[in-house]
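Colleague: One file: target06.cif (mmCIF, C-alpha atoms).
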data_protein
loop_
_atom_site.label_atom_id
_atom_site.label_comp_id
_atom_site.auth_asym_id
_atom_site.auth_seq_id
_atom_site.Cartn_x
_atom_site.Cartn_y
_atom_site.Cartn_z
CA GLN A 1 18.83 -43.39 -13.92
CA ILE A 2 18.01 -44.63 -10.44
CA LYS A 3 18.51 -42.27 -7.52
CA SER A 4 18.37 -43.35 -3.90
CA CYS A 5 18.49 -41.99 -0.37
CA THR A 6 17.35 -43.25 3.02
CA SER A 7 14.43 -42.24 5.22
CA ARG A 8 13.77 -43.88 8.57
CA ALA A 9 10.02 -43.40 8.65
CA PHE A 10 9.12 -44.59 5.17
CA ARG A 11 10.43 -45.69 1.82
CA ILE A 12 9.61 -44.31 -1.62
CA PHE A 13 10.66 -46.08 -4.79
CA ILE A 14 10.62 -44.47 -8.21
CA CYS A 15 12.64 -44.43 -11.41
CA ILE A 16 13.60 -40.80 -12.11
CA PRO A 17 14.66 -39.48 -15.51
CA PRO A 18 18.17 -37.91 -15.47
CA ALA A 19 16.92 -34.33 -15.84
CA THR A 20 14.37 -34.53 -13.02
CA THR A 21 14.92 -32.75 -9.71
CA ILE A 22 15.20 -35.38 -6.97
CA PRO A 23 13.16 -34.73 -3.81
CA HIS A 24 15.01 -35.49 -0.60
CA ASN A 25 12.90 -38.55 0.24
CA ILE A 26 13.32 -40.57 -2.96
CA MET A 27 14.87 -43.99 -2.58
CA GLY A 28 15.11 -45.92 -5.83
CA GLU A 29 12.71 -48.33 -7.48
CA LYS A 30 11.42 -51.58 -6.08
CA LYS A 31 9.84 -54.14 -8.35
CA SER A 32 7.74 -57.00 -7.01
CA ASN A 33 7.31 -60.35 -8.68
CA LYS A 34 3.55 -59.86 -9.01
CA HIS A 35 3.11 -58.89 -12.65
CA HIS A 36 6.48 -57.06 -12.47
CA ASN A 37 4.80 -54.36 -10.41
CA LEU A 38 6.56 -51.16 -9.39
CA THR A 39 6.08 -49.92 -5.82
CA VAL A 40 6.64 -46.16 -5.69
CA LEU A 41 5.62 -45.62 -2.09
CA GLN A 42 5.59 -47.80 1.02
CA THR A 43 5.46 -46.39 4.52
CA ASP A 44 6.49 -48.11 7.74
CA PRO A 45 4.13 -46.88 10.49
CA SER A 46 6.09 -48.69 13.21
CA SER A 47 9.00 -46.29 12.79
CA THR A 48 6.98 -43.09 12.38
CA THR A 49 7.70 -40.63 15.20
CA HIS A 50 5.09 -38.43 16.89
CA VAL A 51 6.65 -35.38 15.26
CA GLU A 52 6.38 -36.95 11.81
CA SER A 53 2.79 -37.98 12.50
CA PHE A 54 2.02 -34.40 13.57
CA HIS A 55 3.46 -33.09 10.30
CA GLY A 56 1.31 -35.66 8.53
CA MET A 57 -1.74 -34.24 10.29
CA LEU A 58 -0.73 -30.72 9.17
CA ALA A 59 -0.36 -31.94 5.59
CA VAL A 60 -3.75 -33.62 5.35
CA SER A 61 -5.38 -30.75 7.29
CA SER A 62 -4.03 -28.24 4.79
CA PHE A 63 -5.65 -30.22 1.95
CA ILE A 64 -9.06 -30.61 3.62
CA VAL A 65 -9.27 -27.15 5.22
CA THR A 66 -8.30 -25.50 1.92
CA TRP A 67 -10.98 -27.55 0.16
CA LEU A 68 -13.65 -26.44 2.65
CA ALA A 69 -12.42 -22.83 2.73
CA SER A 70 -12.64 -22.63 -1.04
CA LEU A 71 -16.26 -23.72 -1.06
CA ALA A 72 -17.09 -21.13 1.61
CA SER A 73 -14.99 -18.26 0.22
CA PRO A 74 -17.68 -16.62 -2.00
CA LEU A 75 -20.11 -16.41 0.92
CA VAL A 76 -17.37 -15.19 3.29
CA LEU A 77 -16.37 -12.48 0.79
CA VAL A 78 -19.95 -11.21 0.47
CA LEU A 79 -20.44 -11.17 4.26
CA ALA A 80 -17.09 -9.43 4.76
CA LEU A 81 -18.05 -6.67 2.33
CA ILE A 82 -21.52 -6.24 3.86
CA ARG A 83 -20.30 -6.16 7.46
CA GLY A 84 -17.23 -4.04 6.79
CA TYR A 85 -14.51 -6.62 7.44
CA HIS A 86 -12.32 -5.09 4.78
CA ASN A 87 -9.12 -6.92 5.76
CA VAL A 88 -10.85 -10.27 5.19
CA ALA A 89 -12.26 -9.10 1.87
CA VAL A 90 -8.86 -7.80 0.70
CA PHE A 91 -7.21 -11.11 1.68
CA ILE A 92 -9.72 -13.17 -0.32
CA ILE A 93 -9.35 -10.87 -3.33
CA PHE A 94 -5.56 -11.10 -3.06
CA VAL A 95 -5.67 -14.90 -2.98
CA THR A 96 -8.01 -14.89 -5.97
CA ILE A 97 -5.64 -12.72 -8.01
CA VAL A 98 -2.62 -14.85 -7.13
CA ALA A 99 -4.53 -18.08 -7.90
CA TYR A 100 -5.32 -16.88 -11.42
CA LEU A 101 -2.01 -15.26 -12.31
CA PRO A 102 0.01 -17.20 -14.96
CA TRP A 103 2.96 -18.04 -12.68
CA LYS A 104 5.05 -21.20 -13.00
CA ASN A 105 6.08 -23.53 -10.21
CA GLY A 106 9.53 -22.86 -8.77
CA ALA A 107 11.54 -23.58 -5.63
CA ILE A 108 8.70 -22.76 -3.22
CA SER A 109 6.29 -25.07 -5.05
CA GLN A 110 8.91 -27.83 -5.09
CA TYR A 111 9.42 -27.49 -1.34
CA PHE A 112 5.65 -27.63 -0.82
CA GLN A 113 5.35 -30.75 -2.98
CA ASP A 114 8.24 -32.41 -1.13
CA TYR A 115 6.68 -31.58 2.24
CA LEU A 116 3.31 -33.06 1.27
CA ASN A 117 4.90 -36.14 -0.27
CA LYS A 118 7.14 -36.75 2.73
CA TYR A 119 4.68 -36.21 5.56
CA HIS A 120 1.14 -36.74 4.27
CA PRO A 121 1.55 -40.56 3.97
CA LEU A 122 2.90 -40.73 7.54
CA TYR A 123 -0.47 -39.71 8.98
CA TYR A 124 -2.05 -43.11 8.22
CA ASP A 125 -1.41 -46.66 9.40
CA GLY A 126 0.56 -47.41 6.27
CA VAL A 127 0.36 -46.24 2.65
CA SER A 128 1.53 -48.06 -0.47
CA ILE A 129 1.25 -47.15 -4.15
CA VAL A 130 1.76 -49.88 -6.74
CA PHE A 131 1.87 -49.64 -10.55
CA GLU A 132 1.00 -52.83 -12.37
CA GLY A 133 3.52 -53.65 -15.06
CA GLY A 134 6.10 -51.22 -13.64
CA ASP A 135 5.07 -48.25 -15.81
CA ALA A 136 4.84 -44.98 -13.86
CA PRO A 137 4.26 -41.70 -15.77
CA ALA A 138 7.37 -39.92 -14.40
CA ALA A 139 9.52 -42.83 -15.56
CA ALA A 140 7.75 -43.28 -18.88
CA SER A 141 9.76 -44.27 -21.92
CA SER A 142 9.39 -42.98 -25.46
CA LYS A 143 6.82 -45.76 -25.96
CA HIS A 144 4.54 -44.29 -23.28
CA LYS A 145 0.94 -44.07 -24.47
CA GLN A 146 -1.30 -41.19 -23.44
CA THR A 147 -3.27 -42.32 -20.40
CA PHE A 148 -6.43 -41.53 -18.49
CA PHE A 149 -6.14 -42.51 -14.79
CA ALA A 150 -9.63 -43.27 -13.41
CA VAL A 151 -9.43 -43.19 -9.60
CA HIS A 152 -11.90 -45.08 -7.36
CA PRO A 153 -13.50 -44.71 -4.93
CA HIS A 154 -14.05 -40.98 -4.57
CA GLY A 155 -14.50 -41.16 -0.81
CA ALA A 156 -15.30 -38.09 1.26
CA PHE A 157 -12.23 -36.05 0.27
CA CYS A 158 -10.41 -38.12 -2.39
CA ILE A 159 -7.50 -38.90 -0.07
CA GLY A 160 -6.06 -41.56 -2.38
CA TRP A 161 -6.33 -39.11 -5.28
CA ALA A 162 -4.45 -36.55 -3.15
CA LEU A 163 -1.67 -39.04 -2.30
CA LEU A 164 -1.18 -39.71 -6.00
CA TYR A 165 -1.43 -36.01 -6.81
CA HIS A 166 1.72 -34.97 -4.98
CA ASN A 167 3.66 -38.20 -5.53
CA PRO A 168 6.67 -37.74 -7.87
CA SER A 169 5.62 -40.79 -9.89
CA MET A 170 2.63 -38.81 -11.23
CA LYS A 171 4.53 -35.66 -12.07
CA GLY A 172 3.24 -34.15 -15.29
CA VAL A 173 -0.20 -35.79 -15.05
CA ARG A 174 -3.04 -33.28 -15.02
CA PHE A 175 -5.35 -34.04 -12.08
CA CYS A 176 -8.88 -32.87 -12.77
CA PHE A 177 -11.69 -32.15 -10.35
CA ALA A 178 -15.06 -30.39 -10.12
CA PRO A 179 -15.12 -27.11 -12.11
CA ALA A 180 -16.53 -25.17 -9.14
CA LEU A 181 -13.68 -26.36 -6.92
CA TYR A 182 -11.10 -25.64 -9.62
CA ALA A 183 -12.48 -22.11 -9.99
CA SER A 184 -12.41 -21.42 -6.24
CA PRO A 185 -9.34 -19.34 -5.32
CA PHE A 186 -7.92 -21.13 -2.26
CA PHE A 187 -8.01 -24.65 -3.66
CA ARG A 188 -6.85 -23.46 -7.08
CA TRP A 189 -3.77 -21.88 -5.48
CA PHE A 190 -3.15 -24.93 -3.29
CA SER A 191 -3.49 -27.40 -6.17
CA ARG A 192 -1.26 -25.36 -8.47
CA MET A 193 1.44 -25.36 -5.80
CA ALA A 194 1.12 -29.13 -5.28
CA ASN A 195 1.21 -30.31 -8.92
CA HIS A 196 -0.71 -29.87 -12.18
CA PRO A 197 -4.48 -29.30 -11.72
CA GLY A 198 -7.31 -29.01 -14.19
CA SER A 199 -11.08 -28.68 -14.54
CA ALA A 200 -13.29 -31.70 -15.11
CA SER A 201 -15.64 -29.73 -17.37
CA ARG A 202 -16.28 -31.33 -20.75
CA PRO A 203 -14.58 -28.55 -22.81
CA SER A 204 -11.50 -28.64 -20.56
CA MET A 205 -11.23 -32.44 -20.70
CA ASN A 206 -11.48 -32.33 -24.48
CA ALA A 207 -8.73 -29.71 -24.60
CA TYR A 208 -6.38 -31.66 -22.31
CA LEU A 209 -6.78 -34.94 -24.17
CA CYS A 210 -6.58 -33.25 -27.58
CA ALA A 211 -3.26 -31.71 -26.46
CA GLY A 212 -1.90 -35.18 -25.66
CA GLU A 213 -1.85 -34.80 -21.87
CA ASP A 214 -2.13 -37.60 -19.32
CA VAL A 215 -5.18 -36.98 -17.13
CA ALA A 216 -6.38 -38.28 -13.74
CA LEU A 217 -9.98 -38.02 -12.55
CA PRO A 218 -12.31 -39.71 -10.02
CA PRO A 219 -15.19 -40.49 -12.43
CA GLY A 220 -17.57 -41.58 -9.62
CA GLY A 221 -18.12 -37.96 -8.60
CA PHE A 222 -20.63 -36.83 -5.97
CA GLU A 223 -22.56 -40.11 -6.26
CA GLU A 224 -19.56 -42.22 -5.34
CA ALA A 225 -18.82 -39.90 -2.41
CA THR A 226 -22.42 -40.29 -1.21
CA LEU A 227 -22.10 -44.09 -1.27
CA THR A 228 -19.01 -44.04 0.97
CA SER A 229 -19.19 -46.66 3.71
CA THR A 230 -16.75 -47.97 6.31
CA ASN A 231 -18.16 -51.49 5.91
CA VAL A 232 -18.78 -51.90 2.18
CA ASP A 233 -16.63 -50.98 -0.81
CA ARG A 234 -18.70 -49.26 -3.49
CA VAL A 235 -18.06 -47.58 -6.84
CA PHE A 236 -20.52 -45.57 -8.93
CA ILE A 237 -19.62 -46.33 -12.52
CA LYS A 238 -22.53 -48.04 -14.35
CA ARG A 239 -23.82 -44.70 -15.68
CA ARG A 240 -20.43 -43.07 -16.19
CA TYR A 241 -19.88 -43.34 -19.96
CA GLY A 242 -18.45 -39.89 -20.66
CA PHE A 243 -14.79 -40.59 -19.86
CA VAL A 244 -14.84 -43.77 -21.97
CA ARG A 245 -16.33 -41.84 -24.90
CA LEU A 246 -13.59 -39.20 -24.61
CA CYS A 247 -10.85 -41.81 -24.45
CA LEU A 248 -12.22 -43.53 -27.56
CA LYS A 249 -12.40 -40.20 -29.37
CA TYR A 250 -8.70 -39.50 -28.79
CA GLY A 251 -7.41 -43.08 -28.62
CA VAL A 252 -6.32 -42.74 -24.98
CA ALA A 253 -5.53 -45.75 -22.76
CA ILE A 254 -7.41 -46.04 -19.45
CA ARG A 255 -5.75 -47.22 -16.23
CA PRO A 256 -8.24 -48.12 -13.48
CA VAL A 257 -6.97 -47.06 -10.04
CA TYR A 258 -8.40 -48.53 -6.86
CA VAL A 259 -7.68 -47.07 -3.41
CA PHE A 260 -8.21 -49.80 -0.83
CA GLY A 261 -9.18 -48.25 2.52
CA GLU A 262 -10.56 -44.97 1.14
CA GLY A 263 -14.06 -45.69 2.41
CA ARG A 264 -12.80 -46.45 5.91
CA LEU A 265 -11.33 -42.99 6.46
CA PHE A 266 -14.67 -41.31 7.25
CA SER A 267 -17.96 -42.57 8.64
CA ASN A 268 -20.95 -41.56 6.53
CA VAL A 269 -24.69 -41.71 7.11
CA GLN A 270 -26.17 -44.57 5.09
CA GLY A 271 -29.52 -44.97 3.32
CA SER A 272 -32.08 -42.82 1.43
CA TRP A 273 -30.02 -43.52 -1.68
CA ALA A 274 -32.65 -42.60 -4.29
CA THR A 275 -33.19 -39.13 -2.84
CA ARG A 276 -29.52 -38.44 -2.21
CA LEU A 277 -28.37 -39.65 -5.63
CA SER A 278 -31.09 -37.53 -7.27
CA LEU A 279 -29.73 -34.45 -5.49
CA ASN A 280 -26.23 -35.44 -6.61
CA ARG A 281 -27.36 -35.31 -10.24
CA MET A 282 -28.30 -31.67 -9.64
CA GLY A 283 -24.80 -30.96 -8.34
CA ILE A 284 -25.73 -31.04 -4.65
CA PRO A 285 -23.43 -33.09 -2.36
CA THR A 286 -25.32 -35.27 0.15
CA ILE A 287 -22.66 -36.76 2.40
CA LEU A 288 -22.79 -36.43 6.17
CA ILE A 289 -19.40 -37.53 7.40
CA TRP A 290 -17.14 -37.52 10.43
CA GLY A 291 -13.61 -38.78 10.89
CA ARG A 292 -11.71 -38.60 14.17
CA LEU A 293 -13.77 -38.14 17.33
CA LEU A 294 -12.35 -34.77 18.42
CA PHE A 295 -11.38 -33.61 14.92
CA PRO A 296 -14.24 -34.77 12.67
CA TRP A 297 -12.81 -33.10 9.55
CA LEU A 298 -9.69 -35.27 9.79
CA PRO A 299 -9.62 -38.83 8.40
CA LYS A 300 -9.20 -41.72 10.80
CA LYS A 301 -5.55 -42.53 11.48
CA GLU A 302 -5.88 -46.26 12.01
CA VAL A 303 -6.50 -46.99 8.31
CA LYS A 304 -4.08 -48.62 5.89
CA LEU A 305 -4.29 -47.35 2.31
CA HIS A 306 -3.19 -49.55 -0.57
CA ILE A 307 -3.37 -47.83 -3.97
CA VAL A 308 -3.18 -50.01 -7.07
CA VAL A 309 -2.74 -48.39 -10.49
CA GLY A 310 -3.94 -51.05 -12.91
CA ARG A 311 -2.37 -51.96 -16.21
CA PRO A 312 -3.49 -49.91 -19.23
CA LEU A 313 -6.66 -50.81 -21.05
CA ILE A 314 -5.75 -49.96 -24.65
CA LEU A 315 -8.64 -48.37 -26.53
CA PRO A 316 -8.88 -47.82 -30.28
CA LYS A 317 -9.19 -44.31 -31.66
CA ILE A 318 -12.76 -43.75 -32.87
CA GLU A 319 -13.52 -40.10 -33.56
CA SER A 320 -17.30 -40.53 -33.26
CA PRO A 321 -17.92 -43.72 -31.29
CA THR A 322 -21.41 -45.23 -31.32
CA LYS A 323 -23.34 -46.00 -28.14
CA GLU A 324 -22.61 -49.69 -28.70
CA GLU A 325 -18.86 -49.07 -28.97
CA VAL A 326 -18.85 -46.92 -25.84
CA ALA A 327 -20.86 -49.57 -23.95
CA LEU A 328 -18.47 -52.31 -25.09
CA TRP A 329 -15.37 -50.55 -23.76
CA HIS A 330 -17.18 -49.32 -20.68
CA ASN A 331 -17.97 -52.95 -19.81
CA LYS A 332 -14.35 -53.93 -20.40
CA TYR A 333 -13.30 -51.16 -18.03
CA ILE A 334 -15.64 -52.42 -15.29
CA VAL A 335 -14.29 -55.96 -15.74
CA GLU A 336 -10.75 -54.66 -15.32
CA LEU A 337 -11.69 -52.61 -12.23
CA LYS A 338 -13.28 -55.70 -10.65
CA ARG A 339 -10.18 -57.75 -11.47
CA ILE A 340 -7.96 -55.30 -9.61
CA TYR A 341 -10.24 -55.40 -6.59
CA GLU A 342 -10.41 -59.19 -6.44
CA GLU A 343 -6.71 -59.66 -7.09
CA TYR A 344 -5.45 -57.25 -4.42
CA LYS A 345 -8.15 -57.22 -1.72
CA GLU A 346 -6.45 -59.80 0.51
CA GLU A 347 -3.12 -58.02 0.17
CA ALA A 348 -4.80 -54.76 1.16
CA TYR A 349 -7.11 -55.94 3.93
CA GLY A 350 -5.36 -59.10 5.09
CA PRO A 351 -6.40 -62.73 4.38
CA GLU A 352 -9.25 -62.85 6.90
CA LYS A 353 -11.07 -59.63 5.98
CA GLY A 354 -9.98 -59.65 2.37
CA LYS A 355 -11.46 -63.01 1.40
CA ASP A 356 -14.97 -61.85 2.37
CA ALA A 357 -14.69 -58.34 0.92
CA LYS A 358 -16.99 -57.57 -2.01
CA LEU A 359 -17.09 -54.63 -4.41
CA GLU A 360 -20.54 -53.20 -5.04
CA VAL A 361 -20.81 -51.66 -8.51
CA TRP A 362 -23.58 -49.07 -8.75
#
Take the structure in the file and give it back as structure tokens.

Modeller:
Amino acid sequence: QIKSCTSRAFRIFICIPPATTIPHNIMGEKKSNKHHNLTVLQTDPSSTTHVESFHGMLAVSSFIVTWLASLASPLVLVLALIRGYHNVAVFIIFVTIVAYLPWKNGAISQYFQDYLNKYHPLYYDGVSIVFEGGDAPAAASSKHKQTFFAVHPHGAFCIGWALLYHNPSMKGVRFCFAPALYASPFFRWFSRMANHPGSASRPSMNAYLCAGEDVALPPGGFEEATLTSTNVDRVFIKRRYGFVRLCLKYGVAIRPVYVFGEGRLFSNVQGSWATRLSLNRMGIPTILIWGRLLFPWLPKKEVKLHIVVGRPLILPKIESPTKEEVALWHNKYIVELKRIYEEYKEEAYGPEKGKDAKLEVW
């Protein structure tokens, strides 16, 4: 069943099952001739008003500020208790309790998701989300195969991952991120309101895939964030075998996802890679970033984001895959990721910049 409505500032296209609640900004599907692709989101920055852009800034700020507040909340709680700021301590404890209660999403969560999905994309100089082959999870048929969405590049704050997270086309997909961030109260509450979050810990990932869930994860992790550059596109994947091993174990298809423009959202200090990547392996982030001049925590506005969800790479089910089998399918995954980059780079960056763009695989 195809539902449609009109929005002046942007267009969203998605096939919605009959029983699904339709957000106010859904327009109906649009298929391109290129591999029968399905475009589920395409914004028109020329018609975005200042008010809509301001709401977009609020949307992306809520995501980033909540992320940062969550990381700082344990230290803030301790300081509040030591210094006698009891109101602050009570607030953090309250948020923690609410974040861990077993509530289900209702009307408030739906409104929050609709708000993020409507306004967040309007912050940038254009956003588009394309599914190769026309298969989006929310419109999946009975033949839909369990899928692992591997999102690249990580970037400073996973903005492309966030745009997918609250898009209706990915409804029902469990988006996984760092266990420490998932455990932190503010971001846990925020992410539960926005969609369907999960922990990227090995036991949790095994549980999700064993239960037959679709999962999304940026496998590049801290290392890929560290390598972020406004001039060079980089992914950190050569040593990332774990997600391929899990997908082989449960017979799960992998869809490579590339977010063109992610690295251009924040400037990042370059160099000293060996030291910084070594610290990353110990779980220590080593990015030093800034976005807008007066608001460095905000991404740069003048960036166009083009998100391509690649076609599924169908893996066999091998309960205990050997190192050779994991390496074989890991190499096939990298080949597919490179194909997506080469095939869509000129569409994303324009003919002039796109033809010279190269993907560095670390």

Colleague: Step by step, work through what the PyMOL selection byres ((chain A and resi 196-198) around 9) selects in the shown file, and finish by giving those residues as a ChimeraX atom specification.

Modeller: /A:165,171-179,182,188,191-195,199-201,204-205,208,215

Colleague: Against range 341-355 of chain A, which residues of range 223-250 of chain A fall within 12 Å? For each one I want the closest pair of atoms and the distance in Å (one decimal), counting all atoms listed in the file, rows by chain and increasing residue number, as JSON lines.

Modeller:
{"residue": "A:Asn231", "atom": "CA", "partner": "A:Lys353", "partner_atom": "CA", "distance": 10.8}
{"residue": "A:Val232", "atom": "CA", "partner": "A:Lys353", "partner_atom": "CA", "distance": 11.6}
{"residue": "A:Asp233", "atom": "CA", "partner": "A:Tyr341", "partner_atom": "CA", "distance": 9.7}
{"residue": "A:Arg234", "atom": "CA", "partner": "A:Tyr341", "partner_atom": "CA", "distance": 10.9}
{"residue": "A:Val235", "atom": "CA", "partner": "A:Tyr341", "partner_atom": "CA", "distance": 11.1}

Colleague: Would you mind exporting the chosen residues as a short mmCIF file (atom, residue, chain, number, x, y, z; two decimals), keeping the file's coordinate frame, restricted to C-alpha atoms?

Modeller:
data_model
loop_
_atom_site.label_atom_id
_atom_site.label_comp_id
_atom_site.auth_asym_id
_atom_site.auth_seq_id
_atom_site.Cartn_x
_atom_site.Cartn_y
_atom_site.Cartn_z
CA ASN A 231 -18.16 -51.49 5.91
CA VAL A 232 -18.78 -51.90 2.18
CA ASP A 233 -16.63 -50.98 -0.81
CA ARG A 234 -18.70 -49.26 -3.49
CA VAL A 235 -18.06 -47.58 -6.84
#

Colleague: Tell me which protein, DNA and RNA residues are within 12 Å of Glu336 in chain A, counting all atoms listed in the file, leaving out same-chain ones fewer than 2 positions away, and put them as a compact mmCIF listing (two decimals) with C-alpha atoms, in the coordinates of the input.

Modeller:
# COMPACT_ATOMS: atom_id res chain seq x y z
CA ALA A 150 -9.63 -43.27 -13.41
CA ILE A 254 -7.41 -46.04 -19.45
CA ARG A 255 -5.75 -47.22 -16.23
CA PRO A 256 -8.24 -48.12 -13.48
CA VAL A 257 -6.97 -47.06 -10.04
CA TYR A 258 -8.40 -48.53 -6.86
CA VAL A 309 -2.74 -48.39 -10.49
CA GLY A 310 -3.94 -51.05 -12.91
CA ARG A 311 -2.37 -51.96 -16.21
CA PRO A 312 -3.49 -49.91 -19.23
CA LEU A 313 -6.66 -50.81 -21.05
CA ILE A 314 -5.75 -49.96 -24.65
CA TRP A 329 -15.37 -50.55 -23.76
CA HIS A 330 -17.18 -49.32 -20.68
CA ASN A 331 -17.97 -52.95 -19.81
CA LYS A 332 -14.35 -53.93 -20.40
CA TYR A 333 -13.30 -51.16 -18.03
CA ILE A 334 -15.64 -52.42 -15.29
CA LYS A 338 -13.28 -55.70 -10.65
CA ARG A 339 -10.18 -57.75 -11.47
CA ILE A 340 -7.96 -55.30 -9.61
CA TYR A 341 -10.24 -55.40 -6.59
CA GLU A 342 -10.41 -59.19 -6.44
CA GLU A 343 -6.71 -59.66 -7.09

Colleague: Write out as a VMD selection string the residues lying within 12 Å of Phe190 in chain A, counting all atoms listed in the file and excluding same-chain residues fewer than 2 positions away.

Modeller: chain A and resid 59 62 to 67 69 to 70 95 to 96 98 to 100 105 109 112 to 113 116 162 165 to 166 181 to 188 192 to 197

Colleague: Specify as a list in words each residue included when the PyMOL selection byres ((chain A and resi 289-293) around 10) is applied to this file.

Modeller: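 Applying the PyMOL selection byres ((chain A and resi 289-293) around 10) to the structure shown produces Ala156, Thr226, Thr228, Ser229, Arg264, Leu265, Phe266, Ser267, Asn268, Val269, Thr286, Ile287, Leu288, Leu294, Phe295, Pro296, Trp297, Leu298, Pro299, Lys300, Lys301 and Glu302 of chain A.
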
Colleague: Identify which of the residues A:His50, A:Leu227, A:Tyr250, A:Leu77 lies closest to Phe148 in chain A, counting only C-alpha atoms when measuring atom-to-atom distances.

Modeller: A:Tyr250

Colleague: Write out as AutoDock Vina command-line options an axis-aligned box for range 151-166 of chain A: all of its atoms listed in the file, 3 Å added on each side, centre and edge lengths in Å with one decimal.

Modeller:
--center_x -6.8 --center_y -40.0 --center_z -4.2 --size_x 23.0 --size_y 16.1 --size_z 16.9

Colleague: Kindly resolve the PyMOL selection byres ((chain A and resi 242) around 12) on the present coordinates and return the residues as a PDB file with C-alpha atoms, keeping the file's coordinate frame.

Modeller:
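File produced: out-v1.pdb:
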ATOM      1  CA  ALA A 150      -9.630 -43.270 -13.410  1.00  0.00           C
ATOM      2  CA  ALA A 200     -13.290 -31.700 -15.110  1.00  0.00           C
ATOM      3  CA  SER A 201     -15.640 -29.730 -17.370  1.00  0.00           C
ATOM      4  CA  ARG A 202     -16.280 -31.330 -20.750  1.00  0.00           C
ATOM      5  CA  MET A 205     -11.230 -32.440 -20.700  1.00  0.00           C
ATOM      6  CA  ASN A 206     -11.480 -32.330 -24.480  1.00  0.00           C
ATOM      7  CA  LEU A 217      -9.980 -38.020 -12.550  1.00  0.00           C
ATOM      8  CA  PRO A 219     -15.190 -40.490 -12.430  1.00  0.00           C
ATOM      9  CA  GLY A 220     -17.570 -41.580  -9.620  1.00  0.00           C
ATOM     10  CA  ILE A 237     -19.620 -46.330 -12.520  1.00  0.00           C
ATOM     11  CA  LYS A 238     -22.530 -48.040 -14.350  1.00  0.00           C
ATOM     12  CA  ARG A 239     -23.820 -44.700 -15.680  1.00  0.00           C
ATOM     13  CA  ARG A 240     -20.430 -43.070 -16.190  1.00  0.00           C
ATOM     14  CA  TYR A 241     -19.880 -43.340 -19.960  1.00  0.00           C
ATOM     15  CA  PHE A 243     -14.790 -40.590 -19.860  1.00  0.00           C
ATOM     16  CA  VAL A 244     -14.840 -43.770 -21.970  1.00  0.00           C
ATOM     17  CA  ARG A 245     -16.330 -41.840 -24.900  1.00  0.00           C
ATOM     18  CA  LEU A 246     -13.590 -39.200 -24.610  1.00  0.00           C
ATOM     19  CA  CYS A 247     -10.850 -41.810 -24.450  1.00  0.00           C
ATOM     20  CA  LEU A 248     -12.220 -43.530 -27.560  1.00  0.00           C
ATOM     21  CA  LYS A 249     -12.400 -40.200 -29.370  1.00  0.00           C
ATOM     22  CA  PRO A 321     -17.920 -43.720 -31.290  1.00  0.00           C
ATOM     23  CA  LYS A 323     -23.340 -46.000 -28.140  1.00  0.00           C
ATOM     24  CA  VAL A 326     -18.850 -46.920 -25.840  1.00  0.00           C
ATOM     25  CA  ALA A 327     -20.860 -49.570 -23.950  1.00  0.00           C
ATOM     26  CA  TRP A 329     -15.370 -50.550 -23.760  1.00  0.00           C
ATOM     27  CA  HIS A 330     -17.180 -49.320 -20.680  1.00  0.00           C
TER      28      HIS A 330
END
